[in-house]
Amino acid sequence: MRASQLPTLATKSLEVLEKLRLVVFACAAAVCATVQAQTAAPTTPQAARVDALRAASDAKLQARVDRVVRRLDLEPAVVTGRLALALVDVSDASKPRLAMLNGDRMMYAASLPKIAILLGAMVEAELGRLPLNERTVGAITKMIRYSSNADATRVLHWVGGDRLIDILESPRFRFYEAGGRGGLWVGKAYGKEAAYRRDPIAHLSHGATAYQVARFYTMLANDTLLDHRLNQLMKETLSKPGIHHKFVKGLQSKPGVRIYRKSGTWQDYHADSALVEVGHYRYVLVGIAQHRDGGKWLVRLAAPLHDLVVPPRRDIVAQR
């Protein structure tokens, strides 16, 4: 080879290397895109069915929820991420309507995630691993109705901490998406012991997103969470709220209201969640706030959000 050919050969070699680099980069990008698609969106018919509530987003209902929040001067709390809301009109089970603000924001939810322990107990009962008798049902009811921490810890130990997380993340429920938007999480007993597993996204011991809590109640309302017998038992434990505050207090002036709910409070964290039935109207309401006045926010929000689904009526007999 003549010396005069060396510069040309070097140039061609560099061009080949550059093309190879571009190919490798493109392949890597394609792999990353595939992984992100697999983690951020359902990829199976089962997953798509489970997450079908997202398709029920309703622009008109959303605009009305936005107006309520602005009218109550709570828009800054939404903008700064201190307030998350979800409202689902399930009056027509075949045509739910969803509106939410910060719906996929993982927030500390105190005792609200005890509904996840409730689900875990019912799944274990379904499998014949947990007997439903006076002792177990009594503990489950006190955990939900009166938010007993001792009973929540007792029921959690019956289910098993890691087992509960497996249930929440399972393809059957997908109430927590580790590679996606998060959701319902219990990684600590309701006592002094340390957390055994914090959630991968926000590192919370007891966390929730408004959307996944709304999904939980929507499935319960439509009798699709578990079998009918267990769904009815879950609704019974969620009925007759033993703590009169937040949504329960905010809806006390509304006639004919039947509430199935679980709330949570710790320091400046305030949460509430409910399935509300009035005649043939049914809706799910979820609120999670981080502010010393967060409990008052939820009281103020309850009635105007109720009115977005249930038209004012004077002839309904109270059913609380």
# chains A, B, ... in the order shown; residues from 1 in each chain; ligands from 1
$ residues_around --residues "stretch 102-107 of chain A" --least-positions-apart "3" --cutoff "9 Å" --atoms "only C-alpha atoms" --output "MDAnalysis selection string"
chainID A and resid 78:79 81:86 99 181:184 201:202 204 206:212 269 288:290
$ residues_around --residues "stretch 109-121 of chain A" --least-positions-apart "5" --cutoff "9 Å" --atoms "only C-alpha atoms" --output "number ranges by chain"
A: 126, 130, 140-141, 143-144, 147, 149, 152, 155-156, 158-160, 163-165, 167-168, 175, 184-186, 190, 205-209, 213, 216, 225-226, 234, 237-238, 262-266, 269-273, 288-289
$ residues_around --residues "A:Tyr283" --least-positions-apart "6" --cutoff "7 Å" --atoms "only C-alpha atoms" --output "CSV table (one decimal) with C-alpha atoms, in the first residue's frame"
chain,number,residue,atom,x,y,z
A,88,VAL,CA,-65.9,8.4,39.5
A,89,ASP,CA,-69.6,8.4,38.7
A,90,VAL,CA,-70.6,4.7,38.6
A,91,SER,CA,-74.3,5.2,38.5
A,275,LEU,CA,-68.2,4.7,47.8
A,276,VAL,CA,-71.4,6.7,48.2
A,277,GLU,CA,-74.9,5.5,47.2
$ atom_distance --atom1 "atom CA of A:Val137" --atom2 "atom CA of A:Tyr196"
25.3 Å
$ closest_residue --among "A:Leu101, A:Leu230, A:Leu53, A:Ala63" --to "A:Glu75" --atoms "only C-alpha atoms"
A:Leu101
$ closest_residue --among "A:Val310, A:Leu298, A:Ala303, A:Leu74" --to "A:Gly279" --atoms "only C-alpha atoms"
A:Val310
$ closest_residue --among "A:Val65, A:Leu132, A:Val248, A:Ala194" --to "A:Leu308" --atoms "only C-alpha atoms"
A:Val65
$ residues_around --residues "A:Pro96" --least-positions-apart "4" --cutoff "12 Å" --atoms "only C-alpha atoms" --output "MDAnalysis selection string"
chainID A and resid 52:58 61 87:92 214:215 218:219 221:222 281:284 309
$ atom_distance --atom1 "atom CA of A:Pro255" --atom2 "atom CA of A:Gly242"
19.0 Å
$ atom_distance --atom1 "atom CA of A:Asp151" --atom2 "atom CA of A:Thr136"
9.5 Å
